[in-house]
file my_file_13.cif (mmCIF, C-alpha atoms; chains and numbers go by the auth columns)
data_model
loop_
_atom_site.group_PDB
_atom_site.id
_atom_site.type_symbol
_atom_site.label_atom_id
_atom_site.label_comp_id
_atom_site.label_asym_id
_atom_site.label_seq_id
_atom_site.Cartn_x
_atom_site.Cartn_y
_atom_site.Cartn_z
_atom_site.B_iso_or_equiv
_atom_site.auth_seq_id
_atom_site.auth_asym_id
ATOM 1 C CA MET A 1 58.775 36.868 -17.833 0.00 162 A
ATOM 2 C CA SER A 2 56.204 34.100 -18.187 0.00 163 A
ATOM 3 C CA LYS A 3 57.106 30.560 -19.154 0.00 164 A
ATOM 4 C CA ASN A 4 54.935 30.821 -22.288 0.00 165 A
ATOM 5 C CA LEU A 5 56.475 34.088 -23.423 0.00 166 A
ATOM 6 C CA GLU A 6 59.980 32.701 -22.939 0.00 167 A
ATOM 7 C CA ALA A 7 59.023 29.622 -24.991 0.00 168 A
ATOM 8 C CA TYR A 8 57.560 31.833 -27.728 0.00 169 A
ATOM 9 C CA LEU A 9 60.706 33.937 -27.910 0.00 170 A
ATOM 10 C CA ARG A 10 62.818 30.772 -28.297 0.00 171 A
ATOM 11 C CA LEU A 11 60.482 29.354 -30.965 0.00 172 A
ATOM 12 C CA ASN A 12 61.838 28.870 -34.486 0.00 173 A
ATOM 13 C CA LYS A 13 59.623 31.545 -36.057 0.00 174 A
ATOM 14 C CA ALA A 14 60.672 30.715 -39.639 0.00 175 A
ATOM 15 C CA ARG A 15 59.085 27.289 -39.229 0.00 176 A
ATOM 16 C CA TYR A 16 55.700 28.733 -38.226 0.00 177 A
ATOM 17 C CA LYS A 17 55.578 31.775 -40.517 0.00 178 A
ATOM 18 C CA ASP A 18 52.020 33.128 -41.031 0.00 179 A
ATOM 19 C CA GLN A 19 50.582 30.634 -38.534 0.00 180 A
ATOM 20 C CA TYR A 20 49.056 30.850 -35.103 0.00 181 A
ATOM 21 C CA VAL A 21 50.935 29.137 -32.307 0.00 182 A
ATOM 22 C CA VAL A 22 49.415 28.144 -28.985 0.00 183 A
ATOM 23 C CA LEU A 23 51.506 27.422 -25.907 0.00 184 A
ATOM 24 C CA VAL A 24 50.510 25.977 -22.541 0.00 185 A
ATOM 25 C CA ASP A 25 52.982 25.687 -19.661 0.00 186 A
ATOM 26 C CA GLY A 26 55.866 26.653 -21.952 0.00 187 A
ATOM 27 C CA LYS A 27 55.090 23.932 -24.533 0.00 188 A
ATOM 28 C CA LEU A 28 53.824 24.307 -28.084 0.00 189 A
ATOM 29 C CA VAL A 29 50.449 22.534 -28.096 0.00 190 A
ATOM 30 C CA GLY A 30 48.891 23.833 -31.312 0.00 191 A
ATOM 31 C CA LYS A 31 49.771 25.504 -34.590 0.00 192 A
ATOM 32 C CA GLY A 32 48.069 26.333 -37.852 0.00 193 A
ATOM 33 C CA LYS A 33 46.080 28.926 -39.760 0.00 194 A
ATOM 34 C CA ASP A 34 42.597 28.276 -38.314 0.00 195 A
ATOM 35 C CA ILE A 35 42.742 29.631 -34.769 0.00 196 A
ATOM 36 C CA GLU A 36 39.194 28.560 -33.904 0.00 197 A
ATOM 37 C CA LYS A 37 39.917 24.888 -34.653 0.00 198 A
ATOM 38 C CA ILE A 38 43.228 25.038 -32.812 0.00 199 A
ATOM 39 C CA LEU A 39 41.698 26.627 -29.701 0.00 200 A
ATOM 40 C CA LYS A 40 38.806 24.176 -29.665 0.00 201 A
ATOM 41 C CA ARG A 41 41.276 21.270 -29.623 0.00 202 A
ATOM 42 C CA VAL A 42 43.564 22.921 -27.056 0.00 203 A
ATOM 43 C CA ARG A 43 40.683 23.790 -24.701 0.00 204 A
ATOM 44 C CA LYS A 44 39.479 20.182 -24.872 0.00 205 A
ATOM 45 C CA THR A 45 42.948 18.858 -24.014 0.00 206 A
ATOM 46 C CA PHE A 46 43.826 21.543 -21.422 0.00 207 A
ATOM 47 C CA PRO A 47 40.466 22.671 -19.978 0.00 208 A
ATOM 48 C CA LYS A 48 41.923 24.377 -16.896 0.00 209 A
ATOM 49 C CA SER A 49 44.777 26.211 -18.622 0.00 210 A
ATOM 50 C CA VAL A 50 44.830 29.654 -20.171 0.00 211 A
ATOM 51 C CA PRO A 51 46.581 29.276 -23.535 0.00 212 A
ATOM 52 C CA PHE A 52 49.145 31.757 -24.840 0.00 213 A
ATOM 53 C CA VAL A 53 48.197 32.599 -28.437 0.00 214 A
ATOM 54 C CA ALA A 54 50.360 34.441 -30.951 0.00 215 A
ATOM 55 C CA LYS A 55 50.416 34.878 -34.699 0.00 216 A
ATOM 56 C CA VAL A 56 53.903 34.477 -36.108 0.00 217 A
ATOM 57 C CA PRO A 57 54.382 37.213 -38.706 0.00 218 A
ATOM 58 C CA GLY A 58 55.277 36.406 -42.279 0.00 219 A
ATOM 59 C CA ASN A 59 57.424 38.634 -44.425 0.00 220 A
ATOM 60 C CA GLU A 60 55.430 41.753 -43.648 0.00 221 A
ATOM 61 C CA ALA A 61 56.631 44.259 -41.106 0.00 222 A
ATOM 62 C CA LEU A 62 54.609 45.508 -38.170 0.00 223 A
ATOM 63 C CA VAL A 63 55.363 49.103 -37.327 0.00 224 A
ATOM 64 C CA LEU A 64 54.114 50.480 -34.032 0.00 225 A
ATOM 65 C CA ARG A 65 54.273 54.182 -33.386 0.00 226 A
ATOM 66 C CA SER A 66 53.874 55.822 -30.066 0.00 227 A
ATOM 67 C CA ALA A 67 52.956 59.464 -30.071 0.00 228 A
ATOM 68 C CA ALA A 68 55.269 61.285 -27.705 0.00 229 A
ATOM 69 C CA PRO A 69 53.444 63.522 -25.265 0.00 230 A
ATOM 70 C CA ARG A 70 53.834 67.210 -25.923 0.00 231 A
ATOM 71 C CA LEU A 71 55.756 68.817 -23.150 0.00 232 A
ATOM 72 C CA TYR A 72 55.209 72.378 -22.102 0.00 233 A
ATOM 73 C CA CYS A 73 58.545 74.185 -22.042 0.00 234 A
ATOM 74 C CA PRO A 74 58.160 77.804 -21.033 0.00 235 A
ATOM 75 C CA THR A 75 60.763 80.150 -22.385 0.00 236 A
ATOM 76 C CA VAL A 76 62.856 81.900 -19.801 0.00 237 A
#
call {"tool": "encode", "arguments": {"input": "my_file_13.cif", "output": "structure tokens"}}
result
Amino acid sequence: MSKNLEAYLRLNKARYKDQYVVLVDGKLVGKGKDIEKILKRVRKTFPKSVPFVAKVPGNEALVLRSAAPRLYCPTV
């Protein structure tokens, strides 16, 4: 697992509800609602790094559904 993902999983999500968070090298370097402004500032400060960006969900739920492949089961 990457250092940034581990840091995101440990992050106090309640504190950053409905905000974008940006991590570089496992450290929170930006947060807020305007991702363009945040990324502009982060890219200026860390020009050679690839930032990890995530939106911390609010009270809404995200439901992902994976369609199971249909298996062919011949009858014997």
call {"tool": "resolve_selection", "arguments": {"input": "my_file_13.cif", "expression": "the PyMOL selection byres ((chain A and resi 164-172) around 10)", "output": "VMD selection string"}}
result
chain A and resid 162 to 163 173 to 177 182 to 189 212 to 215 217
call {"tool": "resolve_selection", "arguments": {"input": "my_file_13.cif", "expression": "the PyMOL selection byres ((chain A and resi 193) around 10)", "output": "PyMOL selection string"}}
result
chain A and resi 177-183+191-192+194-199+216
call {"tool": "axis_aligned_box", "arguments": {"input": "my_file_13.cif", "around": "region 178-187 of chain A", "padding_each_side": "6 Å", "output": "JSON"}}
result
{"center_x": 52.5, "center_y": 29.4, "center_z": -30.3, "size_x": 18.8, "size_y": 19.4, "size_z": 33.4}
call {"tool": "build_atoms", "arguments": {"input": "my_file_13.cif", "residues": "region 208-224 of chain A", "atoms": "N, CA and C atoms", "output": "PDB file, in the frame of the given file"}}
result
ATOM      1  N   PRO A 208      41.643  21.865 -20.354  1.00  0.00           N
ATOM      2  CA  PRO A 208      40.466  22.671 -19.978  1.00  0.00           C
ATOM      3  C   PRO A 208      40.709  23.683 -18.857  1.00  0.00           C
ATOM      4  N   LYS A 209      41.693  23.467 -18.024  1.00  0.00           N
ATOM      5  CA  LYS A 209      41.923  24.377 -16.896  1.00  0.00           C
ATOM      6  C   LYS A 209      43.057  25.368 -17.139  1.00  0.00           C
ATOM      7  N   SER A 210      43.643  25.331 -18.311  1.00  0.00           N
ATOM      8  CA  SER A 210      44.777  26.211 -18.622  1.00  0.00           C
ATOM      9  C   SER A 210      44.337  27.388 -19.481  1.00  0.00           C
ATOM     10  N   VAL A 211      45.041  28.483 -19.314  1.00  0.00           N
ATOM     11  CA  VAL A 211      44.830  29.654 -20.171  1.00  0.00           C
ATOM     12  C   VAL A 211      45.919  29.616 -21.230  1.00  0.00           C
ATOM     13  N   PRO A 212      45.557  29.390 -22.495  1.00  0.00           N
ATOM     14  CA  PRO A 212      46.581  29.276 -23.535  1.00  0.00           C
ATOM     15  C   PRO A 212      47.182  30.631 -23.911  1.00  0.00           C
ATOM     16  N   PHE A 213      48.432  30.591 -24.309  1.00  0.00           N
ATOM     17  CA  PHE A 213      49.145  31.757 -24.840  1.00  0.00           C
ATOM     18  C   PHE A 213      49.026  31.644 -26.358  1.00  0.00           C
ATOM     19  N   VAL A 214      48.433  32.640 -26.995  1.00  0.00           N
ATOM     20  CA  VAL A 214      48.197  32.599 -28.437  1.00  0.00           C
ATOM     21  C   VAL A 214      48.962  33.735 -29.102  1.00  0.00           C
ATOM     22  N   ALA A 215      49.648  33.412 -30.188  1.00  0.00           N
ATOM     23  CA  ALA A 215      50.360  34.441 -30.951  1.00  0.00           C
ATOM     24  C   ALA A 215      50.301  34.085 -32.424  1.00  0.00           C
ATOM     25  N   LYS A 216      50.317  35.102 -33.257  1.00  0.00           N
ATOM     26  CA  LYS A 216      50.416  34.878 -34.699  1.00  0.00           C
ATOM     27  C   LYS A 216      51.841  35.232 -35.100  1.00  0.00           C
ATOM     28  N   VAL A 217      52.529  34.253 -35.661  1.00  0.00           N
ATOM     29  CA  VAL A 217      53.903  34.477 -36.108  1.00  0.00           C
ATOM     30  C   VAL A 217      53.826  35.255 -37.422  1.00  0.00           C
ATOM     31  N   PRO A 218      54.457  36.411 -37.484  1.00  0.00           N
ATOM     32  CA  PRO A 218      54.382  37.213 -38.706  1.00  0.00           C
ATOM     33  C   PRO A 218      55.100  36.553 -39.873  1.00  0.00           C
ATOM     34  N   GLY A 219      54.630  36.894 -41.066  1.00  0.00           N
ATOM     35  CA  GLY A 219      55.277  36.406 -42.279  1.00  0.00           C
ATOM     36  C   GLY A 219      56.384  37.368 -42.674  1.00  0.00           C
ATOM     37  N   ASN A 220      56.391  37.728 -43.930  1.00  0.00           N
ATOM     38  CA  ASN A 220      57.424  38.634 -44.425  1.00  0.00           C
ATOM     39  C   ASN A 220      57.077  40.104 -44.211  1.00  0.00           C
ATOM     40  N   GLU A 221      55.832  40.372 -43.836  1.00  0.00           N
ATOM     41  CA  GLU A 221      55.430  41.753 -43.648  1.00  0.00           C
ATOM     42  C   GLU A 221      56.025  42.306 -42.353  1.00  0.00           C
ATOM     43  N   ALA A 222      56.087  43.596 -42.303  1.00  0.00           N
ATOM     44  CA  ALA A 222      56.631  44.259 -41.106  1.00  0.00           C
ATOM     45  C   ALA A 222      55.496  44.897 -40.332  1.00  0.00           C
ATOM     46  N   LEU A 223      55.577  44.858 -39.033  1.00  0.00           N
ATOM     47  CA  LEU A 223      54.609  45.508 -38.170  1.00  0.00           C
ATOM     48  C   LEU A 223      55.306  46.708 -37.560  1.00  0.00           C
ATOM     49  N   VAL A 224      54.758  47.876 -37.827  1.00  0.00           N
ATOM     50  CA  VAL A 224      55.363  49.103 -37.327  1.00  0.00           C
ATOM     51  C   VAL A 224      54.411  49.706 -36.300  1.00  0.00           C
TER      52      VAL A 224
END
